[in-house]
Amino acid sequence: MAVWDDLVGQDRAARQLTAAARDADAYVTAEAEASGSADLSGSAMTHAWLFTGPPGAGREQAARAFAAALQCVSPDRALGGSPGCGFCEGCHTTMVGTHADVEVVRTDLLTIGVKETRALVRGAQMSPSGGRWQVIVLEDADRLTEGAGNVLLKAVEEPAPRTVWLLCAPSTEDVLPTIRSRCRHLALRTPPVDAVADLLMRRDGIEPEMAAFAARATQGHIGRALRLATDERARARRQAVLKLPTRVDDVGSALRAAQELIDAATEDAKQVAEELDAKETEELRAALGAAEGKRLPRGTAGAMKELEDKQKRRSTRTQRDSLDLALTDLTAFYRDVLARQLGSSVALSHDEAAGSVGQLAATSRPEQTLRRIEAVLECRRVLDRNVAPLLAVEAMAMALRAG
């Protein structure tokens with residue numbers, strides 16, 4: 001299976017990346033043979049890329065697939081085959097995350113700071129240890145602080161000869177203008193719902209009915225569709241969210257619904273965090289030489305304190321992400337209401353809430369629905385500005401009641 005097979009609905013991007021991987025392969029081959037023709041100018045390949053697209057478009061998957069193609073060592077290349085076979089050592093180790101010359105950087109925190117970025121830049125100056133390229137995949141380039149972006153700028157502007165930066169962000173506006181101007185931009189689109197359902201069945205073994213439900217409910221978001229299809233808690237949280245529009249008849253009900261939405265998001269985030277925190281803590285204790293149930297060795301308390309601080313900061317982001325997911329589901333609910341009010345034949349995102357959708361569509365006007373959608377979007381915006389979650393959701397609930 002080629003590394004591009006999981007790029008759902010991204011045929012144009014796959015063709016562009018394949019052409020770039022071919023030119024990159026020719027560049028390294030020419031350099032190794034000292035033919036004097038190793039030159040990337042005018043080719044489809046460049047040393048810095050920016051992958052953008054809406055949530056669920058597969059930005060990180062596309063970047064990782066491209067990284068695998070750059071490291072491909074399949075003998076078929078000599079016979080005219082394209083890099084990215086998916087089976088050779090270079091492709092396989094990159095896709096599973098063990099290739100020595102491919103560093104995938106993701107964060108569970110709200111930002112990526114200067115310290116972490118400087119460490120990345122130092123490592124990027126080194127030549128590949130065994131692979132064909134030194135590849136850095138920065139999955140959350142939009143979370144770089146301004147200082148971290150300035151640190152990264154010089155490395156992107158003047159990279160080492162065989163170093164490639166692959167930056168991922170929702171849009172070009174989410175990275176510094178000076179950085180995006182030095183990257184080749186690759187825009188991805190939201191995958192078709194049917195293609196996402198097919199991927200869940202083919203890659204993850206999800207039953208057809210569940211795959212179709214998850215793909216439709218998440219409107220083509222691959223990661224969220226997988227979680228919804230495999231996590232009963234995610235489905236229960238979603239059901240609670242879809243009940244909110246019918247529970248804002250008066251002020252008291254609206255405020256209670258807001259509190260319950262916050263509680264559901266907090267509990268969802270807590271369950272996710274507890275599993276990860278326990279695993280990380282146990283792994284660090286083992287690495288520090290602490291026997292099970294025993295005290296930590298002398299001098300290692302600082303490392304545990306640093307991990308605890310990181311987990312607390314990550315908890316904030318996890319709760320925000322969980323709440324944002326709930327608001328996304330709420331937006332899709334009102335989108336269904338608006339579609340019914342305008343007589344559209346588009347399929348509902350939430351078939352199981354068809355009764356509530358029909359009732360609200362019949363008892364309200366399209367302009368009210370549009371104001372409610374705007375209220376949800378405004379709630380998402382103010383949460384990004386660090387407004388207290390309960391206050392933001394209460395304001396939204398009151399706006400939903402007013403219509």
# chains A, B, ... in the order shown; residues from 1 in each chain; ligands from 1
$ select_by_dssp --residues "stretch 262-308 of chain A" --states "alpha helix (DSSP H)" --output "PyMOL selection string"
chain A and resi 262-287+301-308
$ residues_around --residues "A:Gly358" --least-positions-apart "4" --cutoff "9 Å" --atoms "only C-alpha atoms" --output "ChimeraX atom specification"
/A:336-337,340-341,353-354,362-363
$ residues_around --residues "A:Pro55" --least-positions-apart "4" --cutoff "8 Å" --atoms "only C-alpha atoms" --output "list in words"
Pro170, Thr190 and His221 of chain A
$ write_last_selection --atoms "N, CA and C atoms" --output "CSV table (one decimal), in the first residue's frame"
chain,number,residue,atom,x,y,z
A,170,PRO,N,-3.9,25.3,10.5
A,170,PRO,CA,-5.2,25.3,9.8
A,170,PRO,C,-5.3,26.2,8.6
A,190,THR,N,-11.6,19.5,3.0
A,190,THR,CA,-12.4,18.6,3.8
A,190,THR,C,-12.7,17.4,3.0
A,221,HIS,N,-14.5,14.8,9.3
A,221,HIS,CA,-13.3,15.0,10.1
A,221,HIS,C,-12.7,13.6,10.5
$ residues_around --residues "stretch 115-132 of chain A" --least-positions-apart "2" --cutoff "6 Å" --atoms "only C-alpha atoms" --output "ChimeraX atom specification"
/A:71,101,113,134,148,160
$ closest_atom_pairs --of "stretch 316-390 of chain A" --to "stretch 223-241 of chain A" --cutoff "10 Å" --atoms "only C-alpha atoms" --output "CSV"
residue,atom,partner,partner_atom,distance
A:Ser322,CA,A:Arg237,CA,9.6
A:Leu325,CA,A:Arg224,CA,8.7
A:Ala326,CA,A:Val241,CA,6.3
A:Leu327,CA,A:Val241,CA,8.1
A:Thr328,CA,A:Val241,CA,9.9
A:Asp329,CA,A:Arg238,CA,7.2
A:Leu330,CA,A:Val241,CA,6.6
A:Phe333,CA,A:Val241,CA,9.4
A:His350,CA,A:Gln239,CA,9.9
A:Glu352,CA,A:Gln239,CA,9.0
A:Ala353,CA,A:Gln239,CA,8.7
$ write_last_selection --atoms "C-alpha atoms" --output "tab-separated table (two decimals), in the first residue's frame"
chain	number	residue	atom	x	y	z
A	322	SER	CA	-13.28	18.86	24.43
A	325	LEU	CA	-15.66	19.67	19.95
A	326	ALA	CA	-19.00	20.02	21.72
A	327	LEU	CA	-19.51	23.47	20.16
A	328	THR	CA	-18.66	22.05	16.74
A	329	ASP	CA	-21.40	19.44	17.17
A	330	LEU	CA	-23.79	22.19	18.25
A	333	PHE	CA	-27.07	20.76	14.70
A	350	HIS	CA	-27.31	14.18	13.05
A	352	GLU	CA	-30.58	10.56	15.48
A	353	ALA	CA	-31.67	14.13	16.34
$ residues_around --residues "A:Met45" --least-positions-apart "3" --cutoff "6 Å" --atoms "only C-alpha atoms" --output "list of chain:residue names"
A:Ala20, A:Asp23, A:Ala24
$ select_by_dssp --residues "stretch 120-349 of chain A" --states "strand (DSSP E or B)" --output "ChimeraX atom specification"
/A:134-138,144,163-169,184-187
$ closest_residue --among "A:Glu394, A:Glu139, A:Asp324, A:Asp204" --to "A:Ala257" --atoms "only C-alpha atoms"
A:Glu394
$ residues_around --residues "A:Val248" --least-positions-apart "5" --cutoff "8 Å" --atoms "only C-alpha atoms" --output "list in words"
Ser253, Ala254, Ala257, Ala397, Met398, Leu400 and Arg401 of chain A
$ residues_around --residues "stretch 278-289 of chain A" --least-positions-apart "5" --cutoff "9 Å" --atoms "only C-alpha atoms" --output "PyMOL selection string"
chain A and resi 273+296-297+300+303-304+307-308
$ write_last_selection --atoms "N, CA and C atoms" --output "PDB file, in the first residue's frame"
ATOM      1  N   ALA A 273      -7.293  12.676  30.055  1.00  0.00           N
ATOM      2  CA  ALA A 273      -6.045  13.079  30.702  1.00  0.00           C
ATOM      3  C   ALA A 273      -5.573  12.039  31.714  1.00  0.00           C
ATOM      4  N   LEU A 296      10.921   7.740  45.042  1.00  0.00           N
ATOM      5  CA  LEU A 296      11.845   8.061  43.958  1.00  0.00           C
ATOM      6  C   LEU A 296      13.271   8.163  44.488  1.00  0.00           C
ATOM      7  N   PRO A 297      14.252   7.807  43.665  1.00  0.00           N
ATOM      8  CA  PRO A 297      15.652   7.983  44.076  1.00  0.00           C
ATOM      9  C   PRO A 297      15.947   9.453  44.363  1.00  0.00           C
ATOM     10  N   THR A 300      15.717  13.092  41.969  1.00  0.00           N
ATOM     11  CA  THR A 300      14.860  12.947  40.783  1.00  0.00           C
ATOM     12  C   THR A 300      13.493  13.624  40.940  1.00  0.00           C
ATOM     13  N   ALA A 303      12.418  16.143  38.170  1.00  0.00           N
ATOM     14  CA  ALA A 303      11.895  15.622  36.914  1.00  0.00           C
ATOM     15  C   ALA A 303      10.403  15.300  37.043  1.00  0.00           C
ATOM     16  N   MET A 304      10.007  14.753  38.190  1.00  0.00           N
ATOM     17  CA  MET A 304       8.597  14.456  38.397  1.00  0.00           C
ATOM     18  C   MET A 304       7.775  15.740  38.492  1.00  0.00           C
ATOM     19  N   LEU A 307       7.160  17.068  35.045  1.00  0.00           N
ATOM     20  CA  LEU A 307       6.107  16.320  34.362  1.00  0.00           C
ATOM     21  C   LEU A 307       4.734  16.730  34.876  1.00  0.00           C
ATOM     22  N   GLU A 308       4.592  16.901  36.184  1.00  0.00           N
ATOM     23  CA  GLU A 308       3.307  17.299  36.754  1.00  0.00           C
ATOM     24  C   GLU A 308       2.872  18.668  36.228  1.00  0.00           C
TER      25      GLU A 308
END
$ closest_residue --among "A:Gly80, A:Gly147, A:Pro161, A:Pro245" --to "A:Ile373" --atoms "only C-alpha atoms"
A:Pro245
$ closest_residue --among "A:Ser356, A:Asn150, A:Thr318, A:Thr178" --to "A:Arg247" --atoms "only C-alpha atoms"
A:Ser356
$ closest_residue --among "A:His47, A:Asp277, A:Ala26, A:Arg298" --to "A:Thr163" --atoms "only C-alpha atoms"
A:His47
$ closest_residue --among "A:Asp198, A:Gly97, A:Ala258, A:Ala265" --to "A:Ala211" --atoms "only C-alpha atoms"
A:Asp198
